[in-house]
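What follows is my_file_4.tsv (TSV, C-alpha atoms and all ligand atoms).
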chain	number	residue	atom	x	y	z
A	210	MET	CA	12.51	-8.73	7.69
A	211	LYS	CA	11.16	-12.21	8.29
A	212	ILE	CA	12.09	-14.40	5.36
A	213	LEU	CA	10.94	-17.94	4.60
A	214	ILE	CA	13.22	-20.12	2.47
A	215	THR	CA	11.65	-23.39	1.34
A	216	GLY	CA	14.32	-25.95	0.44
A	217	GLY	CA	16.75	-23.88	2.52
A	218	ALA	CA	18.85	-26.91	3.49
A	219	GLY	CA	19.59	-27.43	-0.19
A	220	PHE	CA	22.48	-26.10	-2.20
A	221	VAL	CA	21.23	-22.70	-3.40
A	222	GLY	CA	18.82	-22.22	-0.47
A	223	SER	CA	21.53	-22.62	2.17
A	224	HIS	CA	23.77	-20.03	0.48
A	225	LEU	CA	20.76	-17.72	0.32
A	226	ALA	CA	20.17	-18.26	4.05
A	227	ASP	CA	23.81	-17.32	4.80
A	228	ARG	CA	23.53	-14.19	2.67
A	229	LEU	CA	20.23	-13.01	4.19
A	230	ILE	CA	21.30	-13.70	7.79
A	231	LYS	CA	24.41	-11.62	7.17
A	232	ASP	CA	22.07	-8.77	6.17
A	233	GLY	CA	20.33	-9.03	9.54
A	234	HIS	CA	17.12	-10.80	8.52
A	235	GLU	CA	15.21	-13.46	10.47
A	236	ILE	CA	15.27	-16.67	8.50
A	237	THR	CA	12.98	-19.69	8.63
A	238	VAL	CA	13.97	-22.70	6.56
A	239	ILE	CA	11.54	-25.48	5.77
A	240	ASP	CA	13.07	-28.55	4.16
A	241	ASP	CA	12.18	-32.25	4.05
A	242	LEU	CA	15.88	-33.12	3.57
A	243	SER	CA	15.09	-35.24	0.51
A	244	THR	CA	18.02	-33.90	-1.51
A	245	GLY	CA	19.17	-31.24	0.97
A	246	ARG	CA	21.45	-31.92	3.92
A	247	TYR	CA	21.37	-30.81	7.53
A	248	SER	CA	25.11	-30.15	7.31
A	249	ASN	CA	24.42	-27.31	4.83
A	250	ILE	CA	22.75	-25.24	7.55
A	251	ALA	CA	24.18	-26.82	10.74
A	252	HIS	CA	26.43	-23.76	11.21
A	253	LEU	CA	23.33	-21.52	11.44
A	254	GLU	CA	21.46	-23.49	14.12
A	255	ASP	CA	22.99	-21.49	17.00
A	256	THR	CA	22.09	-18.17	15.38
A	257	LYS	CA	19.12	-16.54	17.14
A	258	SER	CA	17.68	-15.26	13.89
A	259	PHE	CA	17.59	-18.73	12.32
A	260	ARG	CA	14.96	-21.46	12.60
A	261	LEU	CA	14.85	-24.85	10.85
A	262	ILE	CA	11.63	-26.79	10.33
A	263	ILE	CA	11.96	-30.29	8.91
A	264	ASP	CA	8.74	-30.87	7.01
A	265	THR	CA	7.32	-30.75	3.51
A	266	VAL	CA	5.96	-27.76	1.62
A	267	LEU	CA	3.02	-30.01	0.77
A	268	ASN	CA	1.88	-29.65	4.42
A	269	GLN	CA	-0.69	-26.95	3.71
A	270	GLU	CA	-1.65	-26.13	7.30
A	271	LEU	CA	1.97	-25.52	8.24
A	272	MET	CA	2.69	-23.54	5.07
A	273	GLU	CA	-0.29	-21.29	5.70
A	274	ASP	CA	1.01	-20.48	9.21
A	275	LEU	CA	4.58	-19.90	8.00
A	276	ILE	CA	3.60	-17.69	5.08
A	277	ARG	CA	1.15	-15.65	7.13
A	278	GLU	CA	3.91	-14.61	9.52
A	279	THR	CA	6.63	-13.86	6.93
A	280	ASP	CA	7.56	-10.85	4.75
A	281	ARG	CA	9.28	-12.64	1.85
A	282	VAL	CA	9.27	-16.18	0.46
A	283	TYR	CA	12.04	-17.77	-1.61
A	284	HIS	CA	10.52	-21.05	-2.81
A	285	MET	CA	13.70	-23.07	-3.47
A	286	ALA	CA	12.19	-26.48	-2.58
A	287	SER	CA	11.92	-28.72	-5.62
A	288	ALA	CA	12.76	-32.13	-6.97
A	289	VAL	CA	16.05	-31.52	-8.81
A	290	GLY	CA	18.75	-33.30	-10.77
A	291	VAL	CA	18.45	-35.19	-14.03
A	292	ARG	CA	18.99	-38.59	-12.40
A	293	LEU	CA	16.22	-38.08	-9.83
A	294	ILE	CA	13.86	-36.93	-12.54
A	295	MET	CA	14.52	-39.97	-14.71
A	296	GLU	CA	14.10	-42.31	-11.73
A	297	GLN	CA	11.13	-40.69	-9.95
A	298	PRO	CA	9.01	-38.77	-12.46
A	299	VAL	CA	5.83	-38.89	-10.34
A	300	LYS	CA	7.54	-37.40	-7.29
A	301	THR	CA	9.18	-34.79	-9.51
A	302	ILE	CA	5.96	-33.55	-11.02
A	303	GLU	CA	4.01	-33.63	-7.75
A	304	THR	CA	6.68	-31.88	-5.68
A	305	ILE	CA	7.25	-29.16	-8.21
A	306	PHE	CA	3.71	-28.41	-9.20
A	307	HIS	CA	1.78	-29.03	-5.96
A	308	GLY	CA	4.53	-27.36	-3.91
A	309	THR	CA	4.46	-24.18	-5.98
A	310	ASP	CA	0.66	-24.17	-6.05
A	311	VAL	CA	0.56	-24.22	-2.22
A	312	ILE	CA	3.15	-21.44	-1.92
A	313	LEU	CA	1.49	-19.17	-4.48
A	314	LYS	CA	-1.98	-19.71	-3.04
A	315	PHE	CA	-0.96	-18.57	0.45
A	316	CYS	CA	1.33	-15.78	-0.80
A	317	SER	CA	-1.60	-14.49	-2.77
A	318	ARG	CA	-4.01	-14.83	0.19
A	319	TYR	CA	-1.68	-12.98	2.60
A	320	ARG	CA	-0.14	-10.64	-0.02
A	321	LYS	CA	3.47	-11.78	0.40
A	322	ARG	CA	6.34	-11.13	-1.97
A	323	VAL	CA	7.62	-14.41	-3.48
A	324	LEU	CA	10.38	-15.70	-5.75
A	325	ILE	CA	9.73	-18.82	-7.85
A	326	PRO	CA	12.86	-20.41	-9.33
A	327	SER	CA	12.48	-22.02	-12.72
A	328	THR	CA	15.21	-23.51	-14.88
A	329	SER	CA	17.05	-23.20	-18.18
A	330	GLU	CA	15.58	-26.65	-18.93
A	331	VAL	CA	12.34	-24.90	-19.95
A	332	TYR	CA	14.10	-23.70	-23.12
A	333	GLY	CA	14.18	-27.40	-24.05
A	334	LYS	CA	15.54	-28.13	-27.49
A	335	GLY	CA	15.50	-24.49	-28.54
A	336	THR	CA	18.41	-23.53	-30.77
A	337	SER	CA	18.26	-19.72	-30.74
A	338	ILE	CA	21.38	-19.21	-28.64
A	339	PRO	CA	21.54	-17.29	-26.32
A	340	PHE	CA	18.16	-18.05	-24.72
A	341	SER	CA	16.00	-15.00	-24.01
A	342	GLU	CA	13.07	-14.89	-21.63
A	343	ASP	CA	10.47	-14.29	-24.37
A	344	ASP	CA	11.70	-17.15	-26.63
A	345	ASP	CA	9.31	-19.95	-27.61
A	346	LEU	CA	9.82	-23.06	-25.49
A	347	LEU	CA	10.41	-26.38	-27.25
A	348	THR	CA	10.33	-29.49	-25.09
A	349	GLY	CA	10.10	-33.16	-26.11
A	350	ALA	CA	7.43	-35.85	-26.19
A	351	THR	CA	5.73	-36.82	-22.92
A	352	ASP	CA	7.18	-40.35	-22.96
A	353	LYS	CA	10.66	-38.82	-22.64
A	354	HIS	CA	10.65	-38.46	-18.87
A	355	ARG	CA	13.45	-35.94	-18.63
A	356	TRP	CA	11.07	-33.28	-19.96
A	357	ALA	CA	8.76	-33.74	-16.96
A	358	TYR	CA	11.02	-31.44	-14.97
A	359	ALA	CA	10.95	-28.69	-17.61
A	360	CYS	CA	7.21	-28.95	-18.15
A	361	ALA	CA	6.37	-28.93	-14.43
A	362	LYS	CA	8.56	-25.84	-14.03
A	363	THR	CA	6.88	-24.24	-17.05
A	364	LEU	CA	3.50	-24.81	-15.42
A	365	ASP	CA	4.88	-23.19	-12.24
A	366	GLU	CA	5.82	-20.17	-14.34
A	367	PHE	CA	2.35	-19.96	-15.89
A	368	LEU	CA	0.73	-20.19	-12.46
A	369	ALA	CA	3.02	-17.52	-10.98
A	370	LEU	CA	2.35	-15.14	-13.86
A	371	ALA	CA	-1.38	-15.88	-13.64
A	372	HIS	CA	-1.35	-14.75	-9.99
A	373	TRP	CA	0.40	-11.55	-11.09
A	374	LYS	CA	-2.10	-10.98	-13.88
A	375	GLU	CA	-5.21	-11.62	-11.77
A	376	THR	CA	-4.32	-10.07	-8.40
A	377	ARG	CA	-0.94	-8.34	-8.91
A	378	LEU	CA	0.79	-10.79	-6.53
A	379	HIS	CA	4.38	-9.57	-6.12
A	380	VAL	CA	6.03	-12.58	-7.72
A	381	VAL	CA	9.28	-12.93	-9.68
A	382	VAL	CA	10.16	-15.98	-11.78
A	383	VAL	CA	13.87	-16.66	-12.17
A	384	ARG	CA	15.21	-19.12	-14.73
A	385	LEU	CA	18.39	-20.46	-13.19
A	386	PHE	CA	21.05	-21.77	-15.54
A	387	ASN	CA	23.53	-24.34	-14.16
A	388	THR	CA	24.47	-23.01	-10.76
A	389	VAL	CA	27.43	-24.55	-8.97
A	390	GLY	CA	29.75	-24.12	-6.03
A	391	PRO	CA	30.48	-25.56	-2.59
A	392	ARG	CA	27.77	-27.75	-0.95
A	393	GLN	CA	26.38	-29.05	-4.23
A	394	THR	CA	26.40	-32.80	-4.19
A	395	GLY	CA	27.35	-34.99	-7.17
A	396	GLN	CA	24.93	-37.63	-5.97
A	397	TYR	CA	22.03	-36.57	-8.19
A	398	GLY	CA	24.05	-36.27	-11.39
A	399	MET	CA	25.41	-32.71	-10.99
A	400	VAL	CA	28.40	-32.58	-13.29
A	401	VAL	CA	30.81	-30.14	-11.63
A	402	PRO	CA	31.05	-31.77	-8.17
A	403	ARG	CA	31.10	-35.19	-9.85
A	404	PHE	CA	34.09	-34.27	-12.05
A	405	VAL	CA	36.03	-32.32	-9.40
A	406	HIS	CA	35.60	-35.00	-6.73
A	407	ALA	CA	36.66	-37.76	-9.17
A	408	ALA	CA	39.67	-35.70	-10.25
A	409	MET	CA	40.75	-35.16	-6.66
A	410	LYS	CA	40.56	-38.88	-5.97
A	411	ASN	CA	42.44	-39.59	-9.23
A	412	GLU	CA	39.49	-41.75	-10.28
A	413	PRO	CA	38.20	-41.92	-13.89
A	414	ILE	CA	35.98	-38.98	-14.91
A	415	THR	CA	32.87	-40.22	-16.70
A	416	VAL	CA	31.62	-38.05	-19.56
A	417	HIS	CA	28.13	-38.78	-20.91
A	418	GLY	CA	27.91	-38.77	-24.72
A	419	ASP	CA	30.92	-37.46	-26.67
A	420	GLY	CA	31.57	-34.47	-24.41
A	421	THR	CA	31.10	-31.85	-27.14
A	422	GLN	CA	27.82	-30.64	-25.57
A	423	GLN	CA	28.39	-27.14	-24.17
A	424	ARG	CA	27.27	-25.65	-20.86
A	425	CYS	CA	27.60	-22.44	-18.85
A	426	PHE	CA	28.18	-22.53	-15.10
A	427	GLY	CA	27.29	-19.74	-12.68
A	428	HIS	CA	28.91	-19.44	-9.26
A	429	VAL	CA	26.31	-19.78	-6.52
A	430	SER	CA	27.46	-16.51	-4.87
A	431	ASP	CA	26.75	-14.55	-8.06
A	432	VAL	CA	23.38	-16.23	-8.49
A	433	VAL	CA	22.33	-15.63	-4.86
A	434	GLU	CA	23.19	-11.95	-5.29
A	435	GLY	CA	20.91	-11.87	-8.33
A	436	LEU	CA	18.06	-13.64	-6.50
A	437	VAL	CA	18.09	-11.12	-3.67
A	438	LYS	CA	18.23	-8.17	-6.06
A	439	VAL	CA	15.31	-9.26	-8.25
A	440	LEU	CA	13.00	-9.84	-5.30
A	441	GLU	CA	13.82	-6.37	-3.93
A	442	THR	CA	13.18	-4.64	-7.27
A	443	PRO	CA	9.50	-3.86	-7.98
A	444	GLU	CA	10.19	-3.62	-11.75
A	445	CYS	CA	10.81	-7.38	-11.61
A	446	PHE	CA	7.32	-8.27	-10.34
A	447	GLY	CA	5.40	-10.31	-12.90
A	448	GLN	CA	8.62	-10.84	-14.88
A	449	VAL	CA	10.70	-13.87	-15.90
A	450	VAL	CA	14.44	-13.27	-15.54
A	451	ASN	CA	17.41	-15.45	-16.57
A	452	LEU	CA	20.25	-15.76	-14.04
A	453	GLY	CA	23.56	-17.61	-14.41
A	454	ASN	CA	26.79	-17.10	-16.31
A	455	ASP	CA	27.14	-16.85	-20.10
A	456	GLU	CA	30.73	-18.17	-20.37
A	457	GLU	CA	30.52	-21.43	-22.38
A	458	VAL	CA	32.59	-24.60	-21.98
A	459	SER	CA	32.25	-28.10	-23.45
A	460	ILE	CA	31.75	-30.95	-20.99
A	461	LEU	CA	35.04	-32.42	-22.19
A	462	GLY	CA	36.66	-29.01	-21.61
A	463	LEU	CA	35.21	-29.01	-18.11
A	464	ALA	CA	36.73	-32.44	-17.42
A	465	ASP	CA	40.13	-31.22	-18.70
A	466	LYS	CA	39.92	-28.10	-16.53
A	467	ALA	CA	39.00	-30.14	-13.44
A	468	ILE	CA	42.04	-32.37	-14.04
A	469	THR	CA	44.44	-29.46	-14.65
A	470	LEU	CA	43.30	-27.27	-11.76
A	471	THR	CA	43.41	-30.12	-9.23
A	472	GLY	CA	46.71	-31.57	-10.54
A	473	SER	CA	44.95	-34.90	-11.09
A	474	SER	CA	46.05	-38.02	-12.96
A	475	SER	CA	42.44	-39.07	-13.71
A	476	GLU	CA	41.62	-40.47	-17.13
A	477	ILE	CA	38.45	-39.48	-18.98
A	478	LYS	CA	35.92	-42.21	-19.84
A	479	PHE	CA	32.98	-41.81	-22.21
A	480	ILE	CA	29.63	-43.59	-21.72
A	481	PRO	CA	26.48	-43.32	-23.86
A	482	TYR	CA	23.55	-41.37	-22.40
A	483	GLU	CA	21.36	-44.50	-22.45
A	484	GLU	CA	23.79	-46.25	-20.15
A	485	ALA	CA	23.78	-43.34	-17.71
A	486	TYR	CA	20.07	-42.51	-17.71
A	487	GLY	CA	18.23	-45.36	-19.45
A	488	ASP	CA	16.27	-45.32	-22.71
A	489	GLY	CA	14.45	-42.20	-23.79
A	490	PHE	CA	17.01	-39.66	-22.61
A	491	GLU	CA	17.57	-36.57	-24.74
A	492	ASP	CA	20.22	-33.97	-24.08
A	493	MET	CA	20.55	-30.36	-25.14
A	494	ARG	CA	23.66	-29.42	-27.10
A	495	ARG	CA	24.01	-25.85	-25.84
A	496	ARG	CA	22.40	-23.70	-23.15
A	497	VAL	CA	23.54	-20.10	-22.92
A	498	PRO	CA	21.57	-17.44	-21.04
A	499	ASN	CA	20.91	-14.02	-22.47
A	500	LEU	CA	21.57	-11.95	-19.34
A	501	ALA	CA	20.60	-8.58	-20.84
A	502	LYS	CA	17.27	-8.41	-18.99
A	503	ALA	CA	18.86	-9.20	-15.60
A	504	LYS	CA	21.49	-6.58	-16.31
A	505	ARG	CA	18.92	-3.98	-17.29
A	506	LEU	CA	16.58	-4.63	-14.36
A	507	VAL	CA	19.05	-5.11	-11.50
A	508	GLY	CA	22.55	-4.53	-12.92
A	509	TYR	CA	23.30	-8.29	-12.70
A	510	GLN	CA	26.84	-9.15	-13.79
A	511	PRO	CA	28.51	-12.47	-12.87
A	512	THR	CA	31.91	-11.87	-11.30
A	513	ARG	CA	33.24	-15.40	-10.78
A	514	SER	CA	34.73	-17.63	-13.50
A	515	LEU	CA	34.65	-21.40	-14.03
A	516	ASP	CA	38.19	-21.58	-12.58
A	517	ASP	CA	36.88	-19.90	-9.39
A	518	ILE	CA	34.07	-22.44	-9.22
A	519	ILE	CA	36.36	-25.46	-9.65
A	520	ASN	CA	38.85	-24.07	-7.13
A	521	ASP	CA	36.08	-23.43	-4.55
A	522	VAL	CA	34.55	-26.89	-5.02
A	523	ALA	CA	38.01	-28.47	-4.76
A	524	ALA	CA	38.84	-26.48	-1.60
A	525	GLU	CA	35.61	-27.63	0.06
A	526	PHE	CA	36.32	-31.26	-0.86
A	527	ARG	CA	39.91	-30.97	0.46
A	528	ASN	CA	38.62	-29.55	3.78
A	529	SER	CA	36.01	-32.31	4.11
A	530	VAL	CA	38.68	-34.96	3.62
A	531	THR	CA	41.11	-33.43	6.13
A	532	ALA	CA	38.38	-32.52	8.69
A	601	LIG	N1	21.41	-25.66	-9.00
A	601	LIG	C1	21.06	-25.47	-10.26
A	601	LIG	O1	21.88	-25.52	-11.17
A	601	LIG	C2	19.64	-25.13	-10.62
A	601	LIG	C3	19.35	-24.91	-11.97
A	601	LIG	C4	18.04	-24.62	-12.34
A	601	LIG	C5	17.07	-24.49	-11.37
A	601	LIG	N2	17.38	-24.71	-10.06
A	601	LIG	C6	16.30	-24.58	-9.08
A	601	LIG	O2	16.78	-23.94	-7.89
A	601	LIG	C7	16.11	-24.48	-6.76
A	601	LIG	C8	17.12	-24.99	-5.74
A	601	LIG	O3	17.90	-26.02	-6.34
A	601	LIG	P1	19.23	-26.60	-5.68
A	601	LIG	O4	20.23	-26.76	-6.77
A	601	LIG	O5	19.58	-25.83	-4.47
A	601	LIG	O6	18.75	-28.08	-5.31
A	601	LIG	P2	18.74	-28.82	-3.90
A	601	LIG	O7	18.25	-30.22	-4.16
A	601	LIG	O8	20.04	-28.70	-3.22
A	601	LIG	O9	17.64	-28.00	-3.12
A	601	LIG	C9	16.27	-28.32	-3.13
A	601	LIG	C10	15.86	-28.47	-1.68
A	601	LIG	O10	14.45	-28.70	-1.63
A	601	LIG	C11	14.21	-29.67	-0.63
A	601	LIG	N3	12.90	-30.27	-0.91
A	601	LIG	C12	12.55	-31.08	-1.93
A	601	LIG	N4	11.25	-31.40	-1.85
A	601	LIG	C13	10.76	-30.77	-0.74
A	601	LIG	C14	9.48	-30.71	-0.13
A	601	LIG	N5	8.44	-31.36	-0.64
A	601	LIG	N6	9.35	-29.96	1.00
A	601	LIG	C15	10.42	-29.29	1.53
A	601	LIG	N7	11.65	-29.32	0.97
A	601	LIG	C16	11.81	-30.05	-0.14
A	601	LIG	C17	15.37	-30.64	-0.73
A	601	LIG	O11	15.57	-31.42	0.43
A	601	LIG	C18	16.52	-29.66	-0.97
A	601	LIG	O12	17.08	-29.22	0.24
A	601	LIG	C19	15.17	-25.57	-7.30
A	601	LIG	O13	13.90	-24.99	-7.52
A	601	LIG	C20	15.77	-25.92	-8.64
A	601	LIG	O14	14.81	-26.41	-9.53
A	601	LIG	C21	18.65	-25.03	-9.67

Can you present the structure in this file as structure tokens?
Ligand SMILES: NC(=O)c1ccc[n+]([C@@H]2O[C@H](COP(=O)([O-])OP(=O)(O)OC[C@H]3O[C@@H](n4cnc5c(N)ncnc54)[C@H](O)[C@@H]3O)[C@@H](O)[C@H]2O)c1
Amino acid sequence: MKILITGGAGFVGSHLADRLIKDGHEITVIDDLSTGRYSNIAHLEDTKSFRLIIDTVLNQELMEDLIRETDRVYHMASAVGVRLIMEQPVKTIETIFHGTDVILKFCSRYRKRVLIPSTSEVYGKGTSIPFSEDDDLLTGATDKHRWAYACAKTLDEFLALAHWKETRLHVVVVRLFNTVGPRQTGQYGMVVPRFVHAAMKNEPITVHGDGTQQRCFGHVSDVVEGLVKVLETPECFGQVVNLGNDEEVSILGLADKAITLTGSSSEIKFIPYEEAYGDGFEDMRRRVPNLAKAKRLVGYQPTRSLDDIINDVAAEFRNSVTA
């Protein structure tokens, strides 16, 4: 098949490209390299079945041409990362909402199957752990900029499901919970690479808040497997599906694990959220996915643990230093 991956030079998108090329598909990646990196897909450039286009998904003429000629679209392009969202809320909202609008419009016009990634952030301040796809969503006030990301993604979900309702567009919405692994950069506030890289350099590990907030981390290989399965399963069309890992760890526990597994002498430092992200930041205490729907629809079952994730991220960092 011909498959278009928007944001394919990014973290998840580049792993998806690897996986789909291995299956024998022809892959086109479009990426503006805003948070993605050429190095993530450099190894694919000599592959005949791979093509990279450096441009934005907001270029409607180009997107119409690319979508017309493809069989599947994975729309991974997005503004991501808490820091970016706090610093550039306008760009965040525009990229997420306009980008998805363009993709859905042309997928609908040319009847193309499409996956729209959403995020666990849409569950907001919800407290009914674990989070299920049909839960109410509870985000914060509009002057708390961090919620712009969640709300823009929620609007994406509404739009995707509206296309399904009105014209039966073959669309699947996936709510990704924290997804981590090699190639993710710590630059935009992603906690796992930030902690592991600091630990490996024996530098202080900075924990925001008191570190008792809990998170779940899914290995990118497990998540990519889930993405491919849901888009190939007609029962998933018009559905919202959680993907990730439901094993919980506190952020302080994560810092300890990063230190132990890398044999580091780093100390742990605590800083208030306001210092890290500015005024008006609100965090969520816990975020655990209910994976029952993914399991029922596609047999999704994460196979890699947090130790595997830390070891893989550490191995990549070690290789980059010795390369
Ligand atoms: N990684 C996670 O934990 C996580 C969690 C929840 C949701 N998601 C979602 O998964 C998707 C992929 O995220 P990721 O972690 O790989 O982030 P990423 O930043 O590595 O990937 C996003 C890619 O989109 C590209 N991009 C941004 N704006 C663009 C535009 N206008 N035109 C073309 N390309 C553009 C970036 O350059 C980047 O390569 C996003 O939709 C994100 O919201 C990820």

- Item | Within 6 Å of ligand LIG 601 (chain A), counting all atoms listed in the file, residues as a ChimeraX atom specification | /A:215-222,239-245,264-267,285-289,304,326-328,385-388

Save out the residues we just selected, C-alpha atoms, as a PDB file, in the coordinates of the input.
ATOM      1  CA  THR A 215      11.650 -23.390   1.340  1.00  0.00           C
ATOM      2  CA  GLY A 216      14.320 -25.950   0.440  1.00  0.00           C
ATOM      3  CA  GLY A 217      16.750 -23.880   2.520  1.00  0.00           C
ATOM      4  CA  ALA A 218      18.850 -26.910   3.490  1.00  0.00           C
ATOM      5  CA  GLY A 219      19.590 -27.430  -0.190  1.00  0.00           C
ATOM      6  CA  PHE A 220      22.480 -26.100  -2.200  1.00  0.00           C
ATOM      7  CA  VAL A 221      21.230 -22.700  -3.400  1.00  0.00           C
ATOM      8  CA  GLY A 222      18.820 -22.220  -0.470  1.00  0.00           C
ATOM      9  CA  ILE A 239      11.540 -25.480   5.770  1.00  0.00           C
ATOM     10  CA  ASP A 240      13.070 -28.550   4.160  1.00  0.00           C
ATOM     11  CA  ASP A 241      12.180 -32.250   4.050  1.00  0.00           C
ATOM     12  CA  LEU A 242      15.880 -33.120   3.570  1.00  0.00           C
ATOM     13  CA  SER A 243      15.090 -35.240   0.510  1.00  0.00           C
ATOM     14  CA  THR A 244      18.020 -33.900  -1.510  1.00  0.00           C
ATOM     15  CA  GLY A 245      19.170 -31.240   0.970  1.00  0.00           C
ATOM     16  CA  ASP A 264       8.740 -30.870   7.010  1.00  0.00           C
ATOM     17  CA  THR A 265       7.320 -30.750   3.510  1.00  0.00           C
ATOM     18  CA  VAL A 266       5.960 -27.760   1.620  1.00  0.00           C
ATOM     19  CA  LEU A 267       3.020 -30.010   0.770  1.00  0.00           C
ATOM     20  CA  MET A 285      13.700 -23.070  -3.470  1.00  0.00           C
ATOM     21  CA  ALA A 286      12.190 -26.480  -2.580  1.00  0.00           C
ATOM     22  CA  SER A 287      11.920 -28.720  -5.620  1.00  0.00           C
ATOM     23  CA  ALA A 288      12.760 -32.130  -6.970  1.00  0.00           C
ATOM     24  CA  VAL A 289      16.050 -31.520  -8.810  1.00  0.00           C
ATOM     25  CA  THR A 304       6.680 -31.880  -5.680  1.00  0.00           C
ATOM     26  CA  PRO A 326      12.860 -20.410  -9.330  1.00  0.00           C
ATOM     27  CA  SER A 327      12.480 -22.020 -12.720  1.00  0.00           C
ATOM     28  CA  THR A 328      15.210 -23.510 -14.880  1.00  0.00           C
ATOM     29  CA  LEU A 385      18.390 -20.460 -13.190  1.00  0.00           C
ATOM     30  CA  PHE A 386      21.050 -21.770 -15.540  1.00  0.00           C
ATOM     31  CA  ASN A 387      23.530 -24.340 -14.160  1.00  0.00           C
ATOM     32  CA  THR A 388      24.470 -23.010 -10.760  1.00  0.00           C
TER      33      THR A 388
END

- Message: What's around Asp227 (chain A) at 12 Å? Count only C-alpha atoms, leave out sequence neighbours fewer than 6 positions away in its own chain, and write the answer as a list in words.
- Response: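 Near neighbours after the sequence-gap exclusion: Ile214, Gly217, Ala218, Phe220, Val221, Gly233, His234, Glu235, Ile236, Thr237, Val238, Asn249, Ile250, Ala251, His252, Leu253, Glu254, Thr256, Ser258, Phe259, Val429, Ser430, Val433, Glu434 and Val437 of chain A.
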
- Item | Atomic separation - CA of Val439 (chain A) relative to CA of Gly508 (chain A), Å |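 According to the coordinates, CA of Gly508 (chain A) and CA of Val439 (chain A) are separated by 9.8 Å.
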
Could you produce a table of the residues of region 355-397 of chain A lying within 10 Å of region 448-460 of chain A, with the nearest pair of atoms per residue and their separation in Å rounded to one decimal, using only C-alpha atoms, ordered by chain and increasing residue number, as a Markdown table?
| residue | atom | partner | partner_atom | distance |
| --- | --- | --- | --- | --- |
| A:Glu366 | CA | A:Val449 | CA | 8.1 |
| A:Ala369 | CA | A:Gln448 | CA | 9.5 |
| A:Leu370 | CA | A:Gln448 | CA | 7.7 |
| A:Trp373 | CA | A:Gln448 | CA | 9.1 |
| A:His379 | CA | A:Gln448 | CA | 9.8 |
| A:Val380 | CA | A:Gln448 | CA | 7.8 |
| A:Val381 | CA | A:Gln448 | CA | 5.6 |
| A:Val382 | CA | A:Val449 | CA | 4.7 |
| A:Val383 | CA | A:Val450 | CA | 4.8 |
| A:Arg384 | CA | A:Asn451 | CA | 4.7 |
| A:Leu385 | CA | A:Leu452 | CA | 5.1 |
| A:Phe386 | CA | A:Gly453 | CA | 5.0 |
| A:Asn387 | CA | A:Gly453 | CA | 6.7 |
| A:Thr388 | CA | A:Gly453 | CA | 6.6 |
| A:Val389 | CA | A:Gly453 | CA | 9.6 |

- Item | Closest of A:Val497, A:Leu440, A:Glu476, A:His428 to Asp517 (chain A) - atom-to-atom distances counting only C-alpha atoms |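 Nearest candidate to Asp517 (chain A) out of A:Val497, A:Leu440, A:Glu476, A:His428: A:His428.
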
- Query: Any idea what's packed within 9 Å of Glu273 (chain A), counting all atoms listed in the file, ignoring anything in its chain fewer than 4 positions away? Could you give it as a ChimeraX atom specification?
  - Reply: /A:268-269,277-278,311-312,315-316,319

- Message: For a quick check of understanding, using all atoms listed in the file, which of A:Leu225, A:Ile262, A:Ala407, A:Val400 has the smallest distance to Val432 (chain A)?
- Response: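 Of A:Leu225, A:Ile262, A:Ala407, A:Val400, the one nearest Val432 (chain A) is A:Leu225, counting all atoms listed in the file.
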
- Task: Between CA of Ala501 (chain A) and CA of Tyr283 (chain A), measure the distance and give it in Å to one decimal.
- Result: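 Calculated distance between CA of Ala501 (chain A) and CA of Tyr283 (chain A) is 23.0 Å.
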
- Message: Taking all atoms listed in the file into account, name the residue in A:Gly472, A:Gly333, A:Gly447, A:Pro511 that is nearest to Asn411 (chain A).
- Response: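 Of all the options, A:Gly472 lies closest to Asn411 (chain A).
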
- Could you check which of A:Gln297, A:Asn520, A:Thr376, A:Thr363 is closest to Val401 (chain A), using only C-alpha atoms?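 Checking each of A:Gln297, A:Asn520, A:Thr376, A:Thr363 against Val401 (chain A), counting only C-alpha atoms, the winner is A:Asn520.
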
- Message: Give me, as a list in words, all polymer residues having an atom no more than 10 Å from Leu463 (chain A), counting only C-alpha atoms and skipping those fewer than 6 positions away in the same chain.
- Response: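 With the cut-off at 10 Å, the set is Val400, Val401, Phe404, Val405, Val416, Gly420, Gln423, Arg424, Glu457, Thr469, Leu515, Asp516 and Ile519 of chain A.
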
- Within 10 Å of (38.3, -27.3, -3.0), all atoms listed in the file: residues as a PyMOL selection string? chain A and resi 390-391+402+405-406+409+471+517-529

- Item | Å distance separating CA of Gly308 (chain A) from CA of Leu500 (chain A), one decimal place |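 Going from CA of Gly308 (chain A) over to CA of Leu500 (chain A), I get 27.7 Å.
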
- Note on the structure: Counting only C-alpha atoms, closest pick from A:Phe426, A:Trp356, A:Phe367, A:Tyr247 relative to Arg513 (chain A) is A:Phe426

Box dimensions and centre (Å, one decimal) enclosing region 441-447 of chain A, axis-aligned, 4 Å extra per side, as JSON:
{"center_x": 9.6, "center_y": -7.0, "center_z": -8.4, "size_x": 16.4, "size_y": 14.7, "size_z": 17.0}

- Item | Distance query Ala350 (chain A) at most 12 Å, all atoms listed in the file, self and fewer than 2 positions along chain excluded, as a list of chain:residue names | A:Gly333, A:Lys334, A:Leu347, A:Thr348, A:Asp352, A:Lys353, A:His354, A:Arg355, A:Trp356, A:Ala357, A:Ala359, A:Cys360, A:Gly489, A:Phe490, A:Glu491
